[in-house]
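Asks: Below is start_14.csv; it holds CSV, C-alpha atoms.
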```csv
chain,number,residue,atom,x,y,z
A,9,MET,CA,-37.7,-26.7,57.0
A,10,THR,CA,-38.4,-23.5,55.1
A,11,ILE,CA,-35.2,-22.1,53.5
A,12,THR,CA,-35.3,-18.3,53.4
A,13,LEU,CA,-32.9,-15.7,52.0
A,14,ILE,CA,-33.1,-12.1,53.2
A,15,THR,CA,-31.1,-9.4,51.4
A,16,GLY,CA,-29.6,-6.6,53.3
A,17,ALA,CA,-30.2,-8.5,56.6
A,18,ASN,CA,-27.1,-7.7,58.7
A,19,THR,CA,-28.7,-4.7,60.3
A,20,GLY,CA,-32.1,-3.0,60.9
A,21,ILE,CA,-35.4,-4.4,59.8
A,22,GLY,CA,-33.7,-7.1,57.8
A,23,PHE,CA,-31.9,-8.3,60.9
A,24,GLU,CA,-35.1,-8.3,62.9
A,25,THR,CA,-36.9,-10.2,60.1
A,26,ALA,CA,-34.2,-12.8,60.2
A,27,ARG,CA,-34.5,-13.1,63.9
A,28,GLN,CA,-38.2,-13.6,63.9
A,29,LEU,CA,-38.2,-16.0,61.0
A,30,THR,CA,-35.4,-18.0,62.7
A,31,ALA,CA,-37.6,-18.2,65.8
A,32,ALA,CA,-40.5,-19.4,63.6
A,33,GLY,CA,-38.4,-22.3,62.4
A,34,HIS,CA,-37.0,-21.0,59.1
A,35,ASN,CA,-33.6,-22.0,57.9
A,36,VAL,CA,-32.5,-18.4,57.3
A,37,TRP,CA,-29.7,-17.1,55.1
A,38,ILE,CA,-28.5,-13.5,55.6
A,39,GLY,CA,-27.5,-11.8,52.4
A,40,ALA,CA,-24.9,-9.1,53.2
A,41,ARG,CA,-22.8,-6.8,51.0
A,42,ASN,CA,-20.0,-6.8,53.6
A,43,LEU,CA,-19.3,-10.4,54.5
A,44,ASP,CA,-17.6,-9.6,57.8
A,45,ARG,CA,-20.6,-7.7,59.0
A,46,GLY,CA,-22.8,-10.5,57.7
A,47,ARG,CA,-20.9,-13.1,59.6
A,48,THR,CA,-21.2,-11.1,62.8
A,49,ALA,CA,-24.9,-10.8,62.4
A,50,ALA,CA,-25.3,-14.5,61.5
A,51,GLU,CA,-23.4,-15.5,64.6
A,52,ALA,CA,-25.6,-13.4,66.7
A,53,LEU,CA,-28.7,-14.9,65.1
A,54,GLY,CA,-27.6,-18.5,64.6
A,55,THR,CA,-28.2,-18.2,60.8
A,56,HIS,CA,-26.2,-18.7,57.6
A,57,VAL,CA,-24.6,-15.9,55.6
A,58,VAL,CA,-23.8,-15.4,52.0
A,59,GLN,CA,-22.0,-12.4,50.4
A,60,LEU,CA,-24.6,-10.6,48.3
A,61,ASP,CA,-24.4,-7.2,46.7
A,62,VAL,CA,-27.7,-6.6,44.9
A,63,THR,CA,-26.1,-4.1,42.6
A,64,ASP,CA,-23.5,-6.5,41.3
A,65,ASP,CA,-24.3,-9.3,38.8
A,66,ARG,CA,-21.3,-11.4,39.7
A,67,SER,CA,-22.0,-11.2,43.4
A,68,VAL,CA,-25.7,-12.2,42.8
A,69,ALA,CA,-24.6,-15.1,40.6
A,70,ALA,CA,-22.1,-16.3,43.2
A,71,ALA,CA,-24.8,-16.2,45.9
A,72,VAL,CA,-27.1,-18.3,43.7
A,73,ALA,CA,-24.4,-20.9,43.2
A,74,HIS,CA,-23.6,-20.9,46.9
A,75,LEU,CA,-27.2,-21.5,47.9
A,76,GLU,CA,-27.6,-24.1,45.2
A,77,GLU,CA,-24.6,-26.0,46.6
A,78,HIS,CA,-25.5,-25.7,50.3
A,79,ALA,CA,-29.3,-25.6,50.3
A,80,GLY,CA,-30.4,-26.9,46.9
A,81,ARG,CA,-33.5,-24.8,46.8
A,82,LEU,CA,-35.1,-21.6,48.1
A,83,ASP,CA,-38.6,-21.3,49.6
A,84,VAL,CA,-38.8,-17.7,50.5
A,85,LEU,CA,-36.9,-14.7,49.1
A,86,VAL,CA,-37.2,-11.4,51.0
A,87,ASN,CA,-36.0,-8.5,48.9
A,88,ASN,CA,-35.2,-6.2,51.8
A,89,ALA,CA,-32.0,-4.4,50.8
A,90,GLY,CA,-32.6,-0.7,50.2
A,91,ILE,CA,-30.9,2.7,50.5
A,92,LEU,CA,-32.3,6.2,51.2
A,93,GLY,CA,-30.0,8.1,48.9
A,94,GLU,CA,-29.2,11.8,49.1
A,95,VAL,CA,-32.0,13.9,50.6
A,96,VAL,CA,-32.4,17.0,48.4
A,97,PRO,CA,-35.4,19.1,47.2
A,98,PRO,CA,-37.0,17.4,44.2
A,99,GLU,CA,-36.2,20.3,41.9
A,100,GLU,CA,-32.5,19.9,42.7
A,101,MET,CA,-32.4,16.1,42.2
A,102,THR,CA,-30.1,14.9,39.5
A,103,VAL,CA,-30.4,11.8,37.3
A,104,GLU,CA,-27.3,10.3,38.9
A,105,GLN,CA,-28.8,10.7,42.4
A,106,ILE,CA,-32.0,9.0,41.4
A,107,ARG,CA,-30.1,6.3,39.5
A,108,THR,CA,-28.0,5.4,42.6
A,109,VAL,CA,-31.1,4.8,44.6
A,110,TYR,CA,-32.8,2.8,41.8
A,111,GLU,CA,-29.8,0.6,41.3
A,112,THR,CA,-30.3,-0.9,44.8
A,113,ASN,CA,-34.0,-0.4,45.5
A,114,VAL,CA,-35.5,-1.3,42.0
A,115,PHE,CA,-32.9,-2.9,39.8
A,116,GLY,CA,-31.6,-4.9,42.7
A,117,VAL,CA,-35.0,-6.4,43.2
A,118,VAL,CA,-35.1,-7.4,39.5
A,119,ARG,CA,-31.6,-8.7,39.5
A,120,VAL,CA,-32.0,-10.8,42.6
A,121,THR,CA,-35.4,-12.1,41.7
A,122,ARG,CA,-34.5,-13.1,38.2
A,123,ALA,CA,-31.3,-14.9,39.4
A,124,PHE,CA,-33.0,-16.9,42.2
A,125,LEU,CA,-36.1,-17.9,40.2
A,126,PRO,CA,-34.6,-21.4,39.3
A,127,LEU,CA,-34.0,-22.1,43.0
A,128,LEU,CA,-37.4,-20.8,44.0
A,129,ARG,CA,-39.1,-23.1,41.4
A,130,ARG,CA,-37.5,-26.0,43.3
A,131,GLY,CA,-38.9,-24.7,46.6
A,132,THR,CA,-41.9,-25.7,48.6
A,133,ASP,CA,-44.8,-23.1,48.2
A,134,PRO,CA,-42.2,-20.5,47.0
A,135,SER,CA,-42.8,-16.9,47.9
A,136,VAL,CA,-41.1,-13.6,47.2
A,137,VAL,CA,-41.6,-10.7,49.7
A,138,ASN,CA,-40.6,-7.3,48.4
A,139,VAL,CA,-40.1,-4.5,51.0
A,140,THR,CA,-41.9,-1.4,49.8
A,141,SER,CA,-42.9,1.8,51.7
A,142,GLY,CA,-45.9,4.0,52.2
A,143,LEU,CA,-43.6,6.8,51.0
A,144,GLY,CA,-44.3,5.4,47.5
A,145,SER,CA,-48.1,5.5,48.0
A,146,PHE,CA,-50.0,8.2,46.1
A,147,THR,CA,-52.7,8.1,48.7
A,148,LEU,CA,-50.5,8.4,51.8
A,149,THR,CA,-48.1,11.0,50.5
A,150,GLY,CA,-51.1,13.1,49.5
A,151,ASP,CA,-52.7,12.9,52.9
A,152,PRO,CA,-51.5,15.8,55.2
A,153,ASP,CA,-52.5,13.8,58.3
A,154,ARG,CA,-50.1,11.0,57.4
A,155,VAL,CA,-46.4,11.1,58.2
A,156,GLU,CA,-45.6,9.9,54.7
A,157,SER,CA,-46.7,13.3,53.4
A,158,GLN,CA,-44.0,15.1,55.4
A,159,TYR,CA,-41.0,13.7,53.6
A,160,PRO,CA,-40.4,14.8,50.0
A,161,LEU,CA,-38.0,11.9,49.2
A,162,VAL,CA,-38.3,11.8,45.5
A,163,ALA,CA,-35.7,9.2,44.8
A,164,TYR,CA,-36.6,6.8,47.6
A,165,GLY,CA,-40.4,7.3,47.4
A,166,SER,CA,-40.6,6.8,43.6
A,167,SER,CA,-38.3,3.8,43.9
A,168,LYS,CA,-40.8,2.2,46.3
A,169,THR,CA,-43.7,3.0,44.0
A,170,ALA,CA,-41.8,1.0,41.3
A,171,VAL,CA,-41.2,-1.9,43.7
A,172,THR,CA,-44.9,-2.2,44.4
A,173,MET,CA,-45.7,-2.2,40.7
A,174,LEU,CA,-43.0,-4.7,40.0
A,175,THR,CA,-44.5,-6.9,42.6
A,176,MET,CA,-47.9,-6.8,41.1
A,177,GLN,CA,-46.6,-7.5,37.6
A,178,TYR,CA,-44.5,-10.5,38.8
A,179,ALA,CA,-47.6,-11.8,40.7
A,180,ARG,CA,-49.8,-11.5,37.5
A,181,THR,CA,-47.3,-13.3,35.2
A,182,THR,CA,-45.3,-15.8,37.3
A,183,PRO,CA,-47.2,-19.0,37.9
A,184,GLY,CA,-46.4,-21.1,41.0
A,185,ILE,CA,-44.6,-18.3,42.9
A,186,ARG,CA,-46.3,-15.9,45.2
A,187,PHE,CA,-45.3,-12.2,45.1
A,188,ASN,CA,-46.3,-9.7,47.7
A,189,ALA,CA,-45.1,-6.2,48.8
A,190,VAL,CA,-44.9,-5.2,52.5
A,191,ASP,CA,-44.5,-1.9,54.1
A,192,PRO,CA,-42.6,-1.8,57.5
A,193,GLY,CA,-43.9,1.7,58.2
A,194,GLN,CA,-41.7,4.3,59.8
A,195,THR,CA,-39.4,2.2,62.1
A,196,ALA,CA,-36.9,3.4,64.6
A,197,THR,CA,-33.6,2.3,63.0
A,198,ASP,CA,-30.4,4.0,61.8
A,199,PHE,CA,-32.1,4.3,58.4
A,200,THR,CA,-34.7,6.7,59.9
A,201,GLY,CA,-32.5,8.4,62.5
A,202,GLY,CA,-34.3,6.5,65.3
A,203,LEU,CA,-37.7,7.9,64.4
A,204,GLY,CA,-40.8,5.6,64.3
A,205,GLY,CA,-42.2,2.5,65.8
A,206,THR,CA,-40.5,-0.6,67.2
A,207,ILE,CA,-38.3,-2.7,65.0
A,208,GLU,CA,-40.4,-5.7,66.0
A,209,ASP,CA,-43.5,-4.1,64.4
A,210,GLY,CA,-41.4,-3.0,61.4
A,211,ALA,CA,-40.6,-6.6,60.6
A,212,ALA,CA,-44.2,-7.9,61.3
A,213,ALA,CA,-45.6,-7.5,57.8
A,214,ALA,CA,-42.8,-9.4,56.1
A,215,VAL,CA,-42.8,-12.1,58.7
A,216,ARG,CA,-46.5,-12.6,58.4
A,217,ILE,CA,-46.3,-13.2,54.6
A,218,ALA,CA,-43.2,-15.3,54.8
A,219,THR,CA,-44.7,-17.7,57.3
A,220,LEU,CA,-48.0,-18.3,55.5
A,221,GLY,CA,-46.7,-21.0,53.3
A,222,ALA,CA,-49.3,-22.5,51.0
A,223,ALA,CA,-51.9,-20.0,52.4
A,224,ALA,CA,-49.9,-17.0,51.2
A,225,PRO,CA,-51.8,-14.7,48.8
A,226,THR,CA,-50.2,-13.2,45.8
A,227,GLY,CA,-50.3,-9.6,44.4
A,228,THR,CA,-50.9,-7.8,47.6
A,229,ALA,CA,-49.4,-4.8,49.3
A,230,THR,CA,-49.8,-4.7,53.1
A,231,ASP,CA,-48.4,-3.3,56.3
A,232,LYS,CA,-48.8,-4.7,59.8
A,233,ASP,CA,-52.4,-3.3,60.0
A,234,GLY,CA,-53.7,-4.7,56.6
A,235,THR,CA,-54.0,-3.5,53.0
A,236,LEU,CA,-51.7,-0.6,52.1
A,237,PRO,CA,-53.5,2.1,50.1
A,238,TRP,CA,-52.1,3.1,46.8
```
Reformat the file's structure so that it appears as structure tokens.
Replies:
Amino acid sequence: MTITLITGANTGIGFETARQLTAAGHNVWIGARNLDRGRTAAEALGTHVVQLDVTDDRSVAAAVAHLEEHAGRLDVLVNNAGILGEVVPPEEMTVEQIRTVYETNVFGVVRVTRAFLPLLRRGTDPSVVNVTSGLGSFTLTGDPDRVESQYPLVAYGSSKTAVTMLTMQYARTTPGIRFNAVDPGQTATDFTGGLGGTIEDGAAAAVRIATLGAAAPTGTATDKDGTLPW
């Protein structure tokens, strides 16, 4: 059975991704910063839960130790945890406001990926799926006909540009493990204020990659419709 860890999975797209992957036969672990909320989500889904704050080295190390003890390996890692941050005009954005977003969205991806690499290397057809966004796409944010161009989210958008490039660099330099970026698109969750498509569609790109196994590509950026332009 495929062992899968999803960060930030007690709500929203992460929760739906966990639901769909559980239905597909994966042995899913929910990573949750708040363990009580994580337990509630895990009980609803019939999954496992581990306390995991992607901004905290000790929390991540403890999560690795927990999965090593209880699962022994990791086949799929979905780096889903992310925050929007404060929404202010770019000219008013401070370094601290950007740093707060990057700590979760970018540095969290690096921290978690690095820590779980030993367990992934024990896995079967190991795969890392990084959740990015069209809001980090130069092409889409420059197209006035696209919804991505309507939101000047400098911290969030640039953090997702970084996530996509990190994914490509991991893919180029890490043999034996597949790395891909996926864009859920604008999805109707609390994160977007209820705007966008269905949560089922939002999880589709991550679920597709996570269930490909040995057939999974590496170094791609996709959404539910295909290649994501950059």
Asks: Here is a test: counting all atoms listed in the file, which residue of A:Gly221, A:Gly131, A:Gly165, A:Gly184 is nearest to Phe146 in chain A?
Replies: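 Looking only at the distances to Phe146 in chain A, the closest residue turns out to be A:Gly165.
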Asks: If we count all atoms listed in the file, what is near range 59-75 of chain A at a cut-off of 12 Å, once residues fewer than 6 positions away on the same chain are taken out, given as a PyMOL selection string?
Replies: chain A and resi 11-18+35-47+50+81-83+85+87-91+107-128
Asks: Skip Glu100 in chain A itself and residues of its chain fewer than 5 positions away, then list as a list in words all residues within 12 Å of it, counting all atoms listed in the file.
Replies: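 Residues meeting the cut-off are Glu94, Val95, Gln105, Ile106, Pro160, Leu161, Val162 and Ala163 of chain A.
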Asks: Would you work out the distance separating CA of Ile207 in chain A from CA of Asp191 in chain A, expressed in Å to one decimal?
Replies: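 Taking CA of Ile207 in chain A and CA of Asp191 in chain A, their separation equals 12.6 Å.
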Asks: Could you check how far CA of Thr147 in chain A sits from CA of Thr228 in chain A, in Å to one decimal?
Replies: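 Straight-line distance from CA of Thr147 in chain A to CA of Thr228 in chain A works out to 16.0 Å.
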Asks: Mind giving me the straight-line distance from CA of Val136 in chain A to CA of Val86 in chain A in Å, one decimal?
Replies: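 Distance between the two atoms: 5.9 Å.
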Asks: Nearest to Asn188 in chain A: which of A:Glu156, A:Ser141, A:Ser135, A:Ala212 is it, counting all atoms listed in the file?
Replies: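 Using all atoms listed in the file, the shortest distance to Asn188 in chain A belongs to A:Ser135.
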Asks: Using all atoms listed in the file, collect all residues at a distance of at most 9 Å from (-51.4, -2.2, 58.4) as written in the file, then present them as a PyMOL selection string.
Replies: chain A and resi 191-193+213+230-236
Asks: Counting only C-alpha atoms, which of A:Thr132, A:Thr55, A:Gln194, A:Ser145 gets nearest to Thr25 in chain A?
Replies: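 Looking at the shortest contact to Thr25 in chain A, the residue is A:Thr55.
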Asks: Looking at only C-alpha atoms, which of A:Gly22, A:Pro225, A:Pro152, A:Gly33 is the one that sits closest to Arg180 in chain A?
Replies: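 Using only C-alpha atoms, Arg180 in chain A sits closest to A:Pro225.
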Asks: Point out the residue among A:Tyr159, A:Thr30, A:Ala229, A:Thr219 with the least atom-to-atom distance to Val171 in chain A, counting only C-alpha atoms.
Replies: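 Once distances to Val171 in chain A are computed over only C-alpha atoms, the minimum belongs to A:Ala229.
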Asks: With only C-alpha atoms as the atoms that count, which of A:Ala189, A:Ala218, A:Val103, A:Ala26 lies nearest to Gly142 in chain A?
Replies: A:Ala189
